[in-house]
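K.L.:
Quick one: the structure is below, questions incoming.
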Amino acid sequence: MSEHLLSVVIFLPLLGVVGLLMGGRQVSDAGARWITMMATLATFAVSLTVLQRFVAADPGFQLVEQASWLPGIGLQYLVGIDGISLWLVLLTTFLFPISVLASWKVGTDVRRYMIAMLVLETAVLGSFLALDLIVFFIFFEAILVPMYLLIGGWGGERRVYAAVKFFVYTMAGSAFLLLAIIFLYAKASGVGAGTFDVRVLADTAATLPVETARWLFLAFFVAFAVKVPLFPLHTWLPDAHTEAPTAGSVLLAGVLLKVGAYGLIRFNMALFPEASKHFAMAVSVLAVIGIVYGAICALSQRDVKRLVAYSSVSHLGFVVLGLFAFTEQAVTGGVLQMVNHGLATGALFLLVGMIYERTHTRELDEMGGLAGVMPWLLGFFLFAVFASVGLPGLNGFIGEFLVIVGTFAVSHWLAVCAASAIVLGAIYLLWSYQRVAFGPLRDEHRGLPDVSIREVALLAPVLALLLAFGVYPKALTTAIDPATKQVVERVAPDHATSVLPAGTEQAANTGGGG
Amino acid sequence: MRTPIAYFLLLAGLLFAMGTVGVLINRNALRIFMSVELQLNAVNLTLVAFARMHGDLTGQVLAFFSMVVAAAEVVVGLAIIVTIYRSRRSVDVDDVREMRW
Amino acid sequence: MIALLAHLSQVIAPPVVEAPIPTPELVFQPILPEIALCVAGIVGMLYEAFARRGTRSVHMAIAMIGLFAAGLAAVRLWNWDGVPFVMGDTVAVDRFSVLATVVLVLVAAFACIFATHEAGRRPSSLRGEFYPLVLFATAGMTLIVAANDLIVVFLALEILSLALYVLTGMGGRRSNEAAVKYFLLGAFSSAFFLYGVAMAYGATGSTKITSIVAALAGQTTSPSLALLAMGLLVIGFGFKVSAAPFHMWTPDVYQGAPTPVVAFMSAATKVAAFFALMRVFDVALQPLTLDWTPVAYGLAVVSVLVGALLAATQRDVKRMLAYSSVAHAGFILAGLTSANATGIRAAMFYLIAYSVMTVGAFGVTMLVATKTAEPSSYDSYEGLAARSPGLAALMTVFLLSLAGIPPTVGFIAKLSVFSSAAVAGNWPLVLVCVLASVIAAYAYLRVIVRMYFREPHGETSDDTSLVPQLAGLVLAVTVVVLGVFPRLLSGIIERASILRW
Amino acid sequence: MVETLRSHDVAALWVIPALPLAAAFVNLFLGKRLGRWSGVIATLAVIGSFAVSVSLVGDLLSRPADERLALQHLFDWISVGGFRVGADLRLDALSATMILVVTGIGSLIHLYSINYMAHDERRGRYFSYLNLFVFFMLMLVLGANYLVLYLGWEGVGLCSFLLIGFWFDKPGNAEAAKKAFITTRIGDTLMLIGLALLVFTFGTLDFEPIFGSAASVLTKDSATVIALLLFAGAIGKSAQLPLQVWLPDAMAGPTPVSALIHAATMVTAGVYLVIRSHVLFEVSGVALTVVLVIGVATALFAATCAIAQYDIKRVLAYSTISQLGYMFIAVGMRAYAVAMFFLVAHAFYKALMFLGAGSVIHGMDGEQDMRSMGGLRRAMPITFVTFMIGALAQAGIPPLAGFFAKDALLEVAQHSGRGVVYVLATIAAFLTAFYLGRMLIMTFFGTPRSEAAEHAHESSPEMWVPLAILAGGVAIGGVLELSPDGRLAGYLEPVVGVLDDGSGLAFLALAGIAVAVAVVSLAVTWWIYGSGKVDPVAFRARLEPMATAAQHGWYVDRAYDVVFIQPAKALARMTGDVVDAKVIDGAVNGVAGLVKRVASGGRLVQTGFVRTYALVLFVGAVLVLGYVGVRV
Amino acid sequence: MPLDNVVFWVFAPIAIASAVGMLVMRNVVHAALFLIVNFGCIAVMYLLLDAPFLFAVQIVVYAGAIMVLFLFVIMLLGVDRDDVRTERLFLQRPLAIVLAVGFVAEISVAVRAGVGFATLAPAGFEQLQPAGNAQAVAEVLFRDYFFPFEVTSILLIVAAIAAMVLAQRNVRAVTQAELDTVADPDPVVAP
């Protein structure tokens, strides 16, 4: 168990799948729900032991497992965890039980639904933990299928269109990824033994001619940019989000998008530092465009889910901006923002889903005054809204602040433009909240029930974390920091890895609180 | 003999090409099949010519084999054509296109 | 017959030295698989001929025994340490052919299982001769992969072709059409093939693969004829493996032929033809590698594009699978462009993976919407998941594997092919292949969409009987297991990929 | 100029904000069950933190002047790669003053609210929001670094949003709430950029090191940039030009809220911020001038608007804006002590007037339009008296607190030789007295002009007791301070430094002028509105369209709507519905469509004619052999 | 001019002409007859190339057996009337001709490079076959190629089975039955 901890984390959900399959038709819907719940909870528990065994100070990979898999081409099963992936893994294992609980009401083909969920969890965890490019790619691709089934099977009216779009779009992106991986592999096998081990390939990539490295960077980048999604490759997201079932949206926003950003920091930067620096400005500009553009698009949406989807585009722009600023603060902020956005937007989608379950509409124009009938639900909603508006004290703020501060060292103007999105964010989120919660109540919405126990049970942990990480983000950063420090120093050894002007370290350390 | 081997080869090639044309422009299954036979004969001629060129008998043996094959093919082919004729009352291959696109 | 008796006599009485024609000493073990298959075939034939009311189970039993025996014989050749070439150096004995033989035998076995079921459902569809014909076809295939002489290759090719023509025509009206198309084009292409053999003979004065390579390596002969031979052989093989532009027969034949037959031919023909192709091109024409790799390159590009694009527009599953088999031929060729051990291994892996998936896919196809007039049209798949989830699940696994989605064997296969091509530096090719695989994925997705996201309409009913589903399950499990533990297969291939010459 | 203070740790500092926070949570989750008690709990909590504050401040003042700095480090909030921000609290003379105001006036307003909200079934929510506001306000003023300050800064914004929109079923209120938050958010964002710039230059956000090294580290320009960015935040919060638009609408909230948030405390946070970071402003210099100009402009602008209002609360709102302008004038002249004194005084009399107005509205059953009031001085004497005291105080009638504040300000202006400022400020003072007089007369004098006015009744003790207390404070408030270098200045000295006193007209002369101005203006109002010799309506009619324009805040709102909001909406619609849907997504779908078309084109080659197939095969053959022919 | 040259130059044109004839004849029976002529010419070529055994086999097997079989089938099916020879496929014939020409060109290029148009066959071919051509062929056949020879037996068996299977009447019954069930999707249209 202990030496295979990560594998256990990855494959535990599949145990649930086995259970569901073994049970066959005999498994009742309720049974399926409970089996899935147990599986996800168990996974969460195991991931907690990972957290407990994780050494925050160690910047390298921990709990590494290595096993030769396909020696013919030097493929091996290689997983490991570091400060960057640690919290993403926990976020995943944390969000999954909640999503399962959120989909308690799903009535059709419960077994298939739950199987899809569990497979999805394994795939996501795998892609966060894989250190072998092919293993990563396998999990990365494996994400598509269950998500595709979830969207297409239990989604809204245009679900098939959305599902296929999601699938083909992402797959087209990852085609380039595969291509680049293979190229890298080819080069590596030219140098030494063929392998897909990131850590080894990083050295190989260093030997590549600059031009080649840049092309490879782009190939990787496209794949991940689609997943993030980065402007202008984002158009699959609103459709997918809008049509997906609640849990689908939650996981899509909370976890799947992070895989893209994670890929950027884990592979693009680790493998092609020079190229990363070379393209940093371009990417940052794209990110900023995405930030503002997403916000502006959100302003014009009439569908709540679409609105939140565009807000995701905007927020993940922050993540990418942070990652490519290459200052420790910014990168850490970016990673932090990944986790926080996962929680905040996840919460938003949960709440939107609950509202939808009651009002059966996602159109802002068909809501209003709901705060009167369900004060608690809308209260929670407001809480989540302010979390993603970036209110200090809630988790959304720290990430954005660090990103902006960190970007400042690189380019004042990018930081300023990004900051402008803070206003826009306030505008569209409050505007939508106002249209949902305030104003006169519509007759057909009279007497709608407020939150049920189940809903409170699944909301409470998320909201609690929104507050906790806002008040004490250090809980996250202590683990993230060493890893990002390493990345930054690898990418930009010459360039200031910290926003702090030289010589003020002392002041910074002694100043606080005297 | 004084005739350059190349002449035989070219003749064979020519016949083969004509056989090909026959396959392409005929609508009658039997004609198409005959054209195929013509091709095979051209190949046999090539084989024998090469045998002569190399001065060993393998080529002739190969030609012999190809004749056997041709015979077998004819049996099957004609049988198939017969069946198609039975089900469609025609040996015009252009009528046989239920499946397309 | 006569010939058989003749050599039986030789078996009984070893040839006397002062016989007018000295017969070389015979080693039968290497051709035992073929013998087993032929014997079983003949027995089956006799049974069909003389048993008044022949029952399928007996046929099945005979066939299975024959296949099993052949498989066994083949496996016992794994550690063969006798002479590398037997039967007057016309047959090579190496693990390469052994592996192929085993695969072919297995494919044939599955085909028989499916056929038995199909025939049980529609007595008129497949008749007793099916089994002998499959056995003879298999014999031809096992022979073609072991052949060390182009003429044997040609003969074996003809054996399997003739058998397949007939099998194709065994169904109804459409299968007649398929048969006639298949036959005419097949004869046409085999003429090219034979011409190629002739040119090879002309170029080197021999048709033995080993002596051809020796002759070419020695550069004693003019390469131009050899090149011509290469070109013509490419055409012949290209037809058999249905690589574009020699693929035109594939969709019609796959759509028209009885499904079990398609299951058999789609997998087995590709395996046999490709293994033979590898032997001929990587051994016999090895000195011309620099000349034929570009051809393979071109064919690969055309095939993947044509296959993927056209597959994406089909409305009939069997037809779609036909185009996908074109695309897969392209992928395999892409692996062969590297013309080295890795490439060959990749191609072998891909072939075996492909046969598993495609046999499974067609097996499921056979069971879907059996009552309807157009069982394989996409409409029949609408709401399959709701109608019979088991079939839908199986089909999904196979389709995903064909699409190369992890963690199925299809992905590993594509990966190894691409990487070998990449290591050889064929960049544009890999790029095209990757993009094509995306398009192909979309093609398979269209079927999945219909199976899962559409409501079943009309009173279509599927055949959900146990045996074929079990067979499908076995294949599906293989797909996944090999996808997760590819070593199980690659380990064997490692040791089988050495060609003797 | 700021000699660094020797600090000492105080463990109990956190209690001050903690109490209201706790009460907020209690009220939030148990509000329904507590019923009436929720108000009591809330009030007790604030009173409690007032008590703690008093004791801590006393302790602070008991120390020698250069040790009046108490710090408490709770925990590391952010700590990333050497950049470290602690959750640190800081108590010095400045924050001491602020917390006393906040908790003191806060507790009075809480007390007042108990009755005011008695009939609202959501009062649990109300009090929890109110407590939450106090918490954030305390964090704002107690923060030992800019980030904690920013936390409070945004928090109070949030609470103001919640409380303005408290009665959300009226659409207008929700609108106002959103407007308030977003408008201030614009300033806040600029301020955030300022913080980023601070980090960039100083590597920290703690007050001590920044102010300590500002003079040496900052160039004049960078100082200007930072200072102005911070000031932008202040402009938003304190509703100065050009972001003043939200405050009048914010009156949609319950009146006690207006009293606490939009008069006494939150809106003064801007002043606090500028005073807190005066070092940066001084290094810049230009920034101070900007502050001064904005202050003057706002003071005048808002005063003119106040004159034309009918809604009693809107009068107060504009007067608040104008008074805040005064404070910034003081700050702009580096008379920080004066500004602080002005702030405190204003907190008292403006809270007083708002509560008074609330009591009037309460007595008038929710009527806010002064045209339907009149003659209320009989119906509600206590309210009248207290309100009057507040008004006179603001008008600058000695010996009330307001007089000293304004007088000190004018004196500084005069002595520091800023003649223009002096004149403009005096004009503003005249206008101030004018609209106050107008309000007084229209509300309390003359004859009742409506049903409600006739049946108006005095409010209950819970409501007038706070009024009385505040009135007392206003009355004796002046004692705190008899000259610019009075006690408060003394306390603040260690923080804000001493004001270099210039020379000019004597104190008394200035005072005389100031009082004269006030009295004259009040007389004029009496002549217009009270004496009956003039018909106010006709008088106003003569001033059209000026009057209406002023009533609508000189149409700044509408201008913004036309210039910013509508274009922005159009842009958004364009981007969302056209660019994204048609262009970008269109491109994606276009590619897919292209592939499809190609495919279906290629499909047609599969004609079903076996001879076509043969032809294609032969084409391939010839191509391959052609390649061979080339190779030969 | 030596005799074999004469023979070649006499029979090669006949071969080509008969092939052309086979292509252009309206009646399939005539076409078959022309093909027989062609085969005869090829047989003569075998003679020229010192392959008398194959000369015989060619006459017997092809002209005798195979073509007779063809004619038999033609008569059996009664399709001996003139064919419709209108071409419905776009560019089919021109393309066929052009491609064929190209094909010949390619072949000749290769042959020229590989063999050379002037090279004569080595003399002394007769010495290889003292006991006559048939004997020699037999030796090669049964010494080196006995295994392929065995394989042909399988091939013939398959052919036999094929004929049996396909010739069975009930195949047609089935197709008839299915003709009723399966509706012809759409009538043939010329693209």
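In the structure tokens, each chain is lettered A, B, ... as it comes, each chain's residues begin at 1, and ligands are numbered from 1 in order of appearance.
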So that I can check the surroundings of Ala32 (chain A), please list as an mmCIF file with N, CA and C atoms, in the first residue's frame every protein, DNA and RNA residue that reaches within 8 Å of it, counting only C-alpha atoms and ignoring chain neighbours fewer than 5 positions away.
P.N.:
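selection.cif, freshly written:
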data_model
loop_
_atom_site.group_PDB
_atom_site.id
_atom_site.type_symbol
_atom_site.label_atom_id
_atom_site.label_comp_id
_atom_site.auth_asym_id
_atom_site.auth_seq_id
_atom_site.Cartn_x
_atom_site.Cartn_y
_atom_site.Cartn_z
ATOM 1 N N LEU A 20 -19.468 -2.039 -9.783
ATOM 2 C CA LEU A 20 -20.710 -1.776 -10.525
ATOM 3 C C LEU A 20 -20.892 -2.779 -11.649
ATOM 4 N N VAL A 27 -27.551 -4.360 -9.496
ATOM 5 C CA VAL A 27 -27.284 -3.174 -8.689
ATOM 6 C C VAL A 27 -28.410 -2.166 -8.889
ATOM 7 N N VAL A 110 -28.366 5.200 -14.124
ATOM 8 C CA VAL A 110 -27.500 5.637 -13.034
ATOM 9 C C VAL A 110 -26.168 4.901 -13.075
ATOM 10 N N ARG A 111 -26.243 3.600 -13.349
ATOM 11 C CA ARG A 111 -25.001 2.809 -13.319
ATOM 12 C C ARG A 111 -24.007 3.375 -14.320
ATOM 13 N N MET A 114 -22.551 6.621 -13.194
ATOM 14 C CA MET A 114 -21.573 6.530 -12.109
ATOM 15 C C MET A 114 -20.263 5.939 -12.623
#
K.L.:
At most 6 Å is the cut-off: for each residue in chain B with any atom that close to an atom of chain D, write down the nearest atom pair and the distance in Å rounded to one decimal, counting only C-alpha atoms, chain first then increasing number, as a Markdown table.
P.N.:
| residue | atom | partner | partner_atom | distance |
| --- | --- | --- | --- | --- |
| B:Leu24 | CA | D:Arg611 | CA | 5.5 |
| B:Asp94 | CA | D:Phe609 | CA | 5.7 |
| B:Arg97 | CA | D:Gly608 | CA | 4.7 |
| B:Met99 | CA | D:Gly608 | CA | 5.9 |
| B:Arg100 | CA | D:Gly608 | CA | 4.2 |
| B:Trp101 | CA | D:Gln606 | CA | 4.9 |
K.L.:
Name all residues at most 12 Å from Pro232 (chain A) (count only C-alpha atoms; drop same-chain ones fewer than 6 positions away) and give them as a ChimeraX atom specification.
P.N.:
/A:222,225-226,283,285-291,293-294,313-314,317 /D:579-581,583-588
K.L.:
For chain B versus chain E, which residues have an atom no more than 6 Å away, and what is each residue's nearest atom pair and distance in Å rounded to one decimal, using only C-alpha atoms, chain-then-number order, as a Markdown table?
P.N.:
| residue | atom | partner | partner_atom | distance |
| --- | --- | --- | --- | --- |
| B:Thr3 | CA | E:Asn5 | CA | 5.5 |
| B:Pro4 | CA | E:Leu120 | CA | 4.6 |
| B:Ile5 | CA | E:Leu120 | CA | 6.0 |
| B:Ala6 | CA | E:Phe117 | CA | 5.1 |
| B:Ala17 | CA | E:Ala100 | CA | 5.2 |
| B:Val21 | CA | E:Ala96 | CA | 5.6 |
| B:Gly22 | CA | E:Leu23 | CA | 5.9 |
| B:Ile25 | CA | E:Arg93 | CA | 5.9 |
| B:Met53 | CA | E:Ala121 | CA | 4.7 |
| B:Gly55 | CA | E:Phe125 | CA | 5.7 |
| B:Ala72 | CA | E:Ala159 | CA | 5.5 |
| B:Val76 | CA | E:Ala163 | CA | 5.7 |
| B:Ala79 | CA | E:Ala163 | CA | 5.7 |
K.L.:
Can you measure CA of Tyr378 (chain C) to CA of Val449 (chain C) for me? One decimal in Å is fine.
P.N.:
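Going from CA of Tyr378 (chain C) over to CA of Val449 (chain C) covers 10.1 Å.
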K.L.:
What's around Val57 (chain D) at 8 Å? Count only C-alpha atoms, leave out sequence neighbours fewer than 4 positions away in its own chain, and write the answer as a ChimeraX atom specification.
P.N.:
/D:53,61,96
K.L.:
Take the selection from the previous step and output its residues with C-alpha atoms, as a CSV table (one decimal), in the first residue's frame.
P.N.:
chain,number,residue,atom,x,y,z
D,53,SER,CA,-11.1,49.9,22.4
D,61,LEU,CA,-2.2,57.0,25.7
D,96,ALA,CA,-7.2,54.7,17.9
K.L.:
Residues of chain B within 9 Å of chain C, counting only C-alpha atoms - could you list those as a VMD selection string?
P.N.:
chain B and resid 16 20 23 29 32 to 33 35 to 37 39 to 40 42 to 44 46 to 47 49 to 51 53 to 56 58 to 59 62 to 63 65 to 66 69 72 to 73 76 to 77 80 to 81 83 to 84 87 to 88 93 96 to 101
K.L.:
Would you kindly return, as a VMD selection string, each protein, DNA or RNA residue with an atom no farther than 10 Å from any atom of Ala130 (chain A), considering only C-alpha atoms and excluding same-chain residues fewer than 4 positions away?
P.N.:
chain A and resid 6 10 64 to 65 77 to 81 85 125 to 126 134 to 140 197 to 198
